[in-house]
$ cat upload_22.csv   # CSV, C-alpha atoms
chain,number,residue,atom,x,y,z
A,1,MET,CA,-47.7,120.1,62.8
A,2,ASP,CA,-46.4,122.5,65.4
A,3,ASN,CA,-49.0,121.1,67.9
A,4,ILE,CA,-47.7,117.5,67.3
A,5,ILE,CA,-44.1,118.6,67.8
A,6,ASN,CA,-45.1,120.5,71.0
A,7,TRP,CA,-47.0,117.4,72.3
A,8,PHE,CA,-44.0,115.2,71.7
A,9,THR,CA,-41.7,117.8,73.3
A,10,GLN,CA,-44.0,118.1,76.4
A,11,ASN,CA,-44.4,114.3,76.8
A,12,GLN,CA,-40.8,113.4,75.9
A,13,PRO,CA,-39.9,112.1,79.4
A,14,MET,CA,-43.1,109.9,79.5
A,15,LEU,CA,-42.5,108.6,76.0
A,16,LEU,CA,-38.9,107.8,76.8
A,17,ALA,CA,-40.0,105.9,79.9
A,18,TYR,CA,-42.5,103.9,77.9
A,19,LEU,CA,-39.9,103.2,75.2
A,20,ILE,CA,-37.4,101.9,77.8
A,21,LYS,CA,-40.1,99.8,79.4
A,22,PHE,CA,-41.0,98.4,76.0
A,23,ILE,CA,-37.4,97.6,75.2
A,24,VAL,CA,-37.0,95.9,78.6
A,25,ALA,CA,-40.2,93.9,78.1
A,26,ILE,CA,-38.9,92.6,74.7
A,27,ALA,CA,-35.6,91.8,76.3
A,28,ILE,CA,-37.4,89.8,79.1
A,29,PHE,CA,-39.3,87.8,76.5
A,30,VAL,CA,-36.2,87.2,74.3
A,31,ILE,CA,-34.2,86.1,77.3
A,32,GLY,CA,-37.1,84.0,78.5
A,33,LYS,CA,-37.2,82.2,75.1
A,34,PHE,CA,-33.4,81.6,75.4
A,35,VAL,CA,-33.8,80.2,78.9
A,36,ALA,CA,-36.7,78.0,77.6
A,37,LYS,CA,-34.5,76.5,75.0
A,38,LEU,CA,-31.8,75.8,77.6
A,39,ALA,CA,-34.3,74.2,79.9
A,40,SER,CA,-35.8,72.1,77.1
A,41,SER,CA,-32.3,71.0,76.0
A,42,ALA,CA,-31.3,70.1,79.6
A,43,THR,CA,-34.5,68.2,80.1
A,44,LYS,CA,-33.8,66.2,76.9
A,45,LYS,CA,-30.3,65.3,78.0
A,46,ILE,CA,-31.5,64.1,81.4
A,47,LEU,CA,-34.3,62.0,80.0
A,48,ILE,CA,-32.0,60.5,77.3
A,49,HIS,CA,-29.5,59.6,80.0
A,50,LYS,CA,-32.2,57.8,81.8
A,51,GLU,CA,-33.2,56.0,78.6
A,52,VAL,CA,-36.7,57.3,78.5
A,53,ASP,CA,-38.8,56.7,75.4
A,54,ASP,CA,-38.3,59.2,72.6
A,55,THR,CA,-42.0,60.1,72.5
A,56,VAL,CA,-42.0,61.0,76.2
A,57,ILE,CA,-38.7,63.0,75.8
A,58,SER,CA,-40.2,65.1,73.0
A,59,PHE,CA,-43.4,65.8,74.8
A,60,ILE,CA,-41.8,66.7,78.2
A,61,ALA,CA,-39.2,68.9,76.5
A,62,ASN,CA,-41.8,70.8,74.5
A,63,LEU,CA,-43.9,71.1,77.7
A,64,VAL,CA,-41.0,72.6,79.6
A,65,TYR,CA,-40.3,75.0,76.7
A,66,GLY,CA,-43.9,76.1,76.5
A,67,LEU,CA,-44.2,76.7,80.3
A,68,VAL,CA,-41.0,78.9,80.4
A,69,VAL,CA,-42.1,80.9,77.4
A,70,ILE,CA,-45.6,81.6,79.0
A,71,VAL,CA,-43.9,82.7,82.2
A,72,ALA,CA,-41.6,85.0,80.2
A,73,PHE,CA,-44.5,86.5,78.3
A,74,ILE,CA,-46.5,87.2,81.4
A,75,ALA,CA,-43.4,88.8,83.0
A,76,ALA,CA,-42.9,90.9,79.9
A,77,ILE,CA,-46.5,92.3,79.7
A,78,SER,CA,-46.5,92.8,83.5
A,79,HIS,CA,-43.4,95.0,83.1
A,80,LEU,CA,-45.3,97.1,80.6
A,81,GLY,CA,-47.9,97.8,83.3
A,82,PHE,CA,-50.7,95.5,82.2
A,83,ASN,CA,-52.7,93.7,84.9
A,84,THR,CA,-51.8,90.1,84.6
A,85,THR,CA,-54.0,88.8,87.3
A,86,SER,CA,-57.0,88.3,85.0
A,87,LEU,CA,-54.8,86.7,82.4
A,88,ILE,CA,-53.3,84.3,84.9
A,89,ALA,CA,-56.9,83.5,86.1
A,90,ILE,CA,-58.0,82.8,82.5
A,91,VAL,CA,-55.1,80.6,81.8
A,92,GLY,CA,-55.6,78.7,85.0
A,93,ALA,CA,-59.3,78.2,84.3
A,94,ALA,CA,-58.6,77.1,80.8
A,95,GLY,CA,-56.0,74.6,82.1
A,96,LEU,CA,-58.5,73.3,84.7
A,97,ALA,CA,-61.2,72.9,82.0
A,98,ILE,CA,-58.8,71.0,79.7
A,99,GLY,CA,-57.5,68.9,82.5
A,100,LEU,CA,-61.1,67.8,83.5
A,101,ALA,CA,-62.0,67.1,79.9
A,102,LEU,CA,-58.9,65.0,79.4
A,103,GLN,CA,-58.8,63.4,82.8
A,104,GLY,CA,-58.8,59.9,81.5
A,105,SER,CA,-56.2,60.6,78.9
A,106,LEU,CA,-54.0,62.5,81.3
A,107,SER,CA,-54.2,59.6,83.8
A,108,ASN,CA,-53.1,57.2,81.1
A,109,PHE,CA,-50.3,59.5,80.0
A,110,ALA,CA,-49.0,59.9,83.6
A,111,SER,CA,-49.2,56.1,84.0
A,112,GLY,CA,-47.3,55.7,80.7
A,113,ILE,CA,-44.5,58.0,82.0
A,114,LEU,CA,-44.3,55.8,85.1
A,115,LEU,CA,-44.1,52.6,83.1
A,116,ILE,CA,-41.5,53.9,80.7
A,117,SER,CA,-39.4,55.4,83.6
A,118,LEU,CA,-39.7,52.6,86.1
A,119,LYS,CA,-39.7,49.8,83.5
A,120,PRO,CA,-41.6,47.0,85.4
A,121,PHE,CA,-41.6,45.2,82.1
A,122,LYS,CA,-40.2,45.7,78.6
A,123,ALA,CA,-41.0,44.5,75.1
A,124,GLY,CA,-40.7,40.8,74.8
A,125,ASP,CA,-41.6,40.0,78.4
A,126,PHE,CA,-44.4,37.6,79.3
A,127,VAL,CA,-46.7,39.4,81.7
A,128,GLU,CA,-50.1,39.4,83.3
A,129,ILE,CA,-51.6,42.9,83.5
A,130,ALA,CA,-55.2,44.1,83.9
A,131,GLY,CA,-56.4,40.5,83.9
A,132,THR,CA,-54.7,39.7,80.5
A,133,ALA,CA,-51.7,37.5,80.0
A,134,GLY,CA,-49.4,37.9,77.0
A,135,VAL,CA,-46.1,39.0,75.5
A,136,VAL,CA,-45.4,42.8,75.6
A,137,GLU,CA,-45.0,44.1,72.0
A,138,GLU,CA,-45.0,47.8,72.5
A,139,VAL,CA,-45.2,50.3,75.4
A,140,HIS,CA,-46.7,53.6,74.3
A,141,VAL,CA,-47.4,56.8,76.3
A,142,PHE,CA,-51.1,56.1,76.6
A,143,SER,CA,-51.4,52.4,76.2
A,144,THR,CA,-49.5,49.1,76.1
A,145,GLN,CA,-49.9,46.4,73.4
A,146,LEU,CA,-49.9,42.7,74.3
A,147,ARG,CA,-49.9,39.6,72.1
A,148,THR,CA,-51.8,36.7,73.7
A,149,GLY,CA,-51.0,33.1,73.4
A,150,ASP,CA,-53.6,32.6,70.7
A,151,ASN,CA,-52.0,35.5,68.7
A,152,LYS,CA,-54.5,38.2,69.5
A,153,THR,CA,-53.5,41.8,70.0
A,154,VAL,CA,-54.8,43.4,73.1
A,155,ILE,CA,-54.4,47.2,73.8
A,156,ILE,CA,-54.6,48.1,77.5
A,157,PRO,CA,-54.8,51.7,78.7
A,158,ASN,CA,-51.8,52.4,80.9
A,159,GLY,CA,-54.0,53.8,83.7
A,160,GLY,CA,-55.5,50.3,84.2
A,161,ILE,CA,-52.0,48.8,84.4
A,162,THR,CA,-50.6,51.0,87.1
A,163,ASN,CA,-53.8,50.8,89.2
A,164,GLY,CA,-53.6,47.0,89.3
A,165,THR,CA,-51.1,44.2,89.9
A,166,ILE,CA,-48.3,43.6,87.4
A,167,THR,CA,-47.0,40.0,87.2
A,168,ASN,CA,-43.8,39.8,85.1
A,169,TYR,CA,-43.0,36.1,84.4
A,170,SER,CA,-39.9,37.0,82.4
A,171,ALA,CA,-38.2,39.3,85.0
A,172,LYS,CA,-36.1,36.5,86.6
A,173,PRO,CA,-33.7,34.2,84.8
A,174,THR,CA,-35.2,31.1,86.5
A,175,ARG,CA,-38.7,29.9,87.5
A,176,ARG,CA,-40.1,27.1,89.5
A,177,VAL,CA,-42.5,24.6,87.9
A,178,ASP,CA,-45.2,23.7,90.4
A,179,LEU,CA,-47.1,20.5,89.7
A,180,VAL,CA,-49.6,18.6,91.9
A,181,ILE,CA,-49.7,14.8,91.2
A,182,GLY,CA,-52.5,12.8,92.9
A,183,VAL,CA,-52.2,9.0,93.4
A,184,GLY,CA,-54.5,6.5,95.0
A,185,TYR,CA,-54.4,5.6,98.7
A,186,SER,CA,-53.4,2.1,97.8
A,187,ALA,CA,-50.2,3.3,96.1
A,188,ASP,CA,-46.8,2.8,97.6
A,189,LEU,CA,-45.7,6.3,98.6
A,190,LYS,CA,-42.0,5.6,98.6
A,191,GLN,CA,-42.1,4.0,95.2
A,192,THR,CA,-44.3,6.9,93.9
A,193,LYS,CA,-41.8,9.5,95.2
A,194,GLN,CA,-38.9,7.6,93.7
A,195,ILE,CA,-40.6,7.5,90.3
A,196,LEU,CA,-41.4,11.2,90.4
A,197,ASN,CA,-37.8,12.0,91.4
A,198,ASP,CA,-36.4,9.9,88.6
A,199,VAL,CA,-38.6,11.5,86.0
A,200,VAL,CA,-37.8,15.0,87.1
A,201,SER,CA,-34.1,14.4,87.6
A,202,SER,CA,-33.7,12.9,84.2
A,203,HIS,CA,-35.2,15.8,82.3
A,204,ALA,CA,-32.4,17.7,80.4
A,205,LEU,CA,-33.9,21.1,81.0
A,206,VAL,CA,-34.3,20.8,84.8
A,207,LEU,CA,-31.6,22.8,86.6
A,208,LYS,CA,-29.4,20.3,88.5
A,209,ASP,CA,-27.9,23.0,90.7
A,210,GLN,CA,-31.2,23.9,92.3
A,211,ALA,CA,-33.0,21.7,94.9
A,212,ILE,CA,-36.0,19.7,93.6
A,213,THR,CA,-38.9,19.5,96.0
A,214,ILE,CA,-41.0,16.4,96.0
A,215,GLY,CA,-43.3,15.5,98.9
A,216,VAL,CA,-46.8,14.7,100.1
A,217,SER,CA,-48.7,17.9,100.4
A,218,GLU,CA,-52.3,16.7,101.1
A,219,LEU,CA,-54.3,13.7,102.0
A,220,ALA,CA,-57.3,14.6,99.9
A,221,ASP,CA,-60.7,12.9,99.7
A,222,SER,CA,-59.8,10.5,96.9
A,223,SER,CA,-56.1,10.9,96.4
A,224,VAL,CA,-52.7,11.4,98.1
A,225,ASN,CA,-51.3,14.6,96.5
A,226,PHE,CA,-47.6,15.1,95.8
A,227,VAL,CA,-46.1,18.4,95.0
A,228,VAL,CA,-43.3,18.3,92.3
A,229,ARG,CA,-41.3,21.5,92.2
A,230,PRO,CA,-38.2,21.6,90.0
A,231,TRP,CA,-36.4,24.8,88.8
A,232,VAL,CA,-35.9,25.7,85.2
A,233,LYS,CA,-34.7,28.5,83.0
A,234,THR,CA,-37.6,30.9,82.4
A,235,PRO,CA,-37.8,30.3,78.6
A,236,ASP,CA,-38.0,26.5,79.3
A,237,TYR,CA,-40.9,26.7,81.7
A,238,TRP,CA,-43.8,25.5,79.6
A,239,THR,CA,-41.6,22.9,77.8
A,240,VAL,CA,-40.7,21.3,81.1
A,241,HIS,CA,-44.2,21.7,82.5
A,242,PHE,CA,-45.8,19.7,79.6
A,243,ASP,CA,-43.0,17.2,79.4
A,244,LEU,CA,-43.1,16.3,83.0
A,245,LEU,CA,-46.9,15.8,83.1
A,246,GLU,CA,-46.7,13.4,80.2
A,247,GLU,CA,-43.7,11.5,81.5
A,248,ILE,CA,-45.1,11.2,85.0
A,249,LYS,CA,-48.3,9.7,83.6
A,250,ILE,CA,-46.4,7.2,81.5
A,251,GLU,CA,-44.2,6.1,84.3
A,252,LEU,CA,-46.9,5.8,86.9
A,253,ASP,CA,-49.0,3.7,84.4
A,254,LYS,CA,-46.0,1.4,83.9
A,255,ALA,CA,-45.7,0.9,87.7
A,256,GLY,CA,-49.4,0.2,88.0
A,257,ILE,CA,-49.9,3.3,90.2
A,258,GLU,CA,-53.4,4.7,89.8
A,259,ILE,CA,-54.1,8.4,89.3
A,260,PRO,CA,-57.6,8.6,90.7
A,261,PHE,CA,-60.3,10.6,89.1
A,262,PRO,CA,-63.7,11.8,90.5
A,263,GLN,CA,-66.3,9.1,90.5
A,264,LEU,CA,-70.0,9.3,91.1
A,265,SER,CA,-72.0,6.4,92.6
A,266,VAL,CA,-75.7,6.4,91.8
A,267,HIS,CA,-78.1,4.3,93.9
A,268,VAL,CA,-81.5,3.5,92.4
A,269,ASN,CA,-84.3,2.5,94.8
A,270,GLN,CA,-86.9,0.6,92.9
A,271,GLU,CA,-90.4,0.6,94.5
A,272,ASN,CA,-92.2,-2.8,94.9
A,273,PRO,CA,-95.3,-2.6,92.6
A,274,ASN,CA,-97.2,-5.0,95.0
A,275,GLU,CA,-97.1,-2.3,97.7
A,276,GLN,CA,-99.1,0.1,95.6
$ encode --input "upload_22.csv" --output "structure tokens"
Amino acid sequence: MDNIINWFTQNQPMLLAYLIKFIVAIAIFVIGKFVAKLASSATKKILIHKEVDDTVISFIANLVYGLVVIVAFIAAISHLGFNTTSLIAIVGAAGLAIGLALQGSLSNFASGILLISLKPFKAGDFVEIAGTAGVVEEVHVFSTQLRTGDNKTVIIPNGGITNGTITNYSAKPTRRVDLVIGVGYSADLKQTKQILNDVVSSHALVLKDQAITIGVSELADSSVNFVVRPWVKTPDYWTVHFDLLEEIKIELDKAGIEIPFPQLSVHVNQENPNEQ
């Protein structure tokens, strides 16, 4: 017992120094956790202000919290005199291995963050992405869900979306309907143009405050092609598109103006049996 007391007495300065270091290390870690909570809370507020998706907000806030806590832990044990170089190397190697293993998923996640932040489209928009056209139903962190015209659900990884072209047909309030109408070379072009103009102008959903373009665009092999380009509200696009095609065909038939179609002429050469 006397030996133990003597040892403590002799090493009291060293023990006191270690005790102070230990208390400081705990203080560093506790303060680090407090700073991590503040950083996480501040990150949440910023992302909420920017109207980022709740799932992304939660993930990023937790990521910020975890990173600050790790830094505080390394600082605390470093203050105690431990060599943190090996620990940092191990953490770095583990992070690299995980990153390589989840390369595709991380790419989709990063793309999801971009889509949710930049918002090139939103739920309800009609888009064409990654070679698929449909209505956006949901935008998730890793993938985007579309509903096609024939009511199929298509799940597209976000990485494939940001790496390609995004066409958003619903982004603008108005769209131009582009039609090509071919008539025969014997048709009266002025009469044809007047009929096309009358059909388009009389449609209730065609915007009257926007210029309607109607003109000859091409002298093709078997037809004279007119372009018909009225403007409509975006939700009315397909209604006007189908209506105009039907009405134009009806009115051209009434006027006796032919819409030519491809024809194939077959010539049969019959051999004279007397020549054999």
$ atom_distance --input "upload_22.csv" --atom1 "CA of Thr165 (chain A)" --atom2 "CA of Leu115 (chain A)"
12.9 Å
$ atom_distance --input "upload_22.csv" --atom1 "CA of Thr192 (chain A)" --atom2 "CA of Trp238 (chain A)"
23.5 Å
$ atom_distance --input "upload_22.csv" --atom1 "CA of Glu128 (chain A)" --atom2 "CA of Asp243 (chain A)"
23.6 Å
$ closest_residue --input "upload_22.csv" --among "A:Ile214, A:Ala130, A:Ile259, A:Val232" --to "Tyr185 (chain A)" --atoms "only C-alpha atoms"
A:Ile259
$ closest_residue --input "upload_22.csv" --among "A:His241, A:Lys44, A:Lys37, A:His79" --to "Ala25 (chain A)" --atoms "only C-alpha atoms"
A:His79
$ closest_residue --input "upload_22.csv" --among "A:Val183, A:Val139, A:Val224, A:Val24" --to "Gly112 (chain A)" --atoms "all atoms listed in the file"
A:Val139
$ residues_around --input "upload_22.csv" --residues "Phe121 (chain A)" --least-positions-apart "5" --cutoff "8 Å" --atoms "only C-alpha atoms" --output "ChimeraX atom specification"
/A:115,127,136,168,171
$ residues_near_point --input "upload_22.csv" --point "(-47.9, 10.7, 85.4)" --cutoff "12 Å" --atoms "all atoms listed in the file" --output "VMD selection string"
chain A and resid 179 to 183 192 to 193 195 to 200 226 228 241 to 260
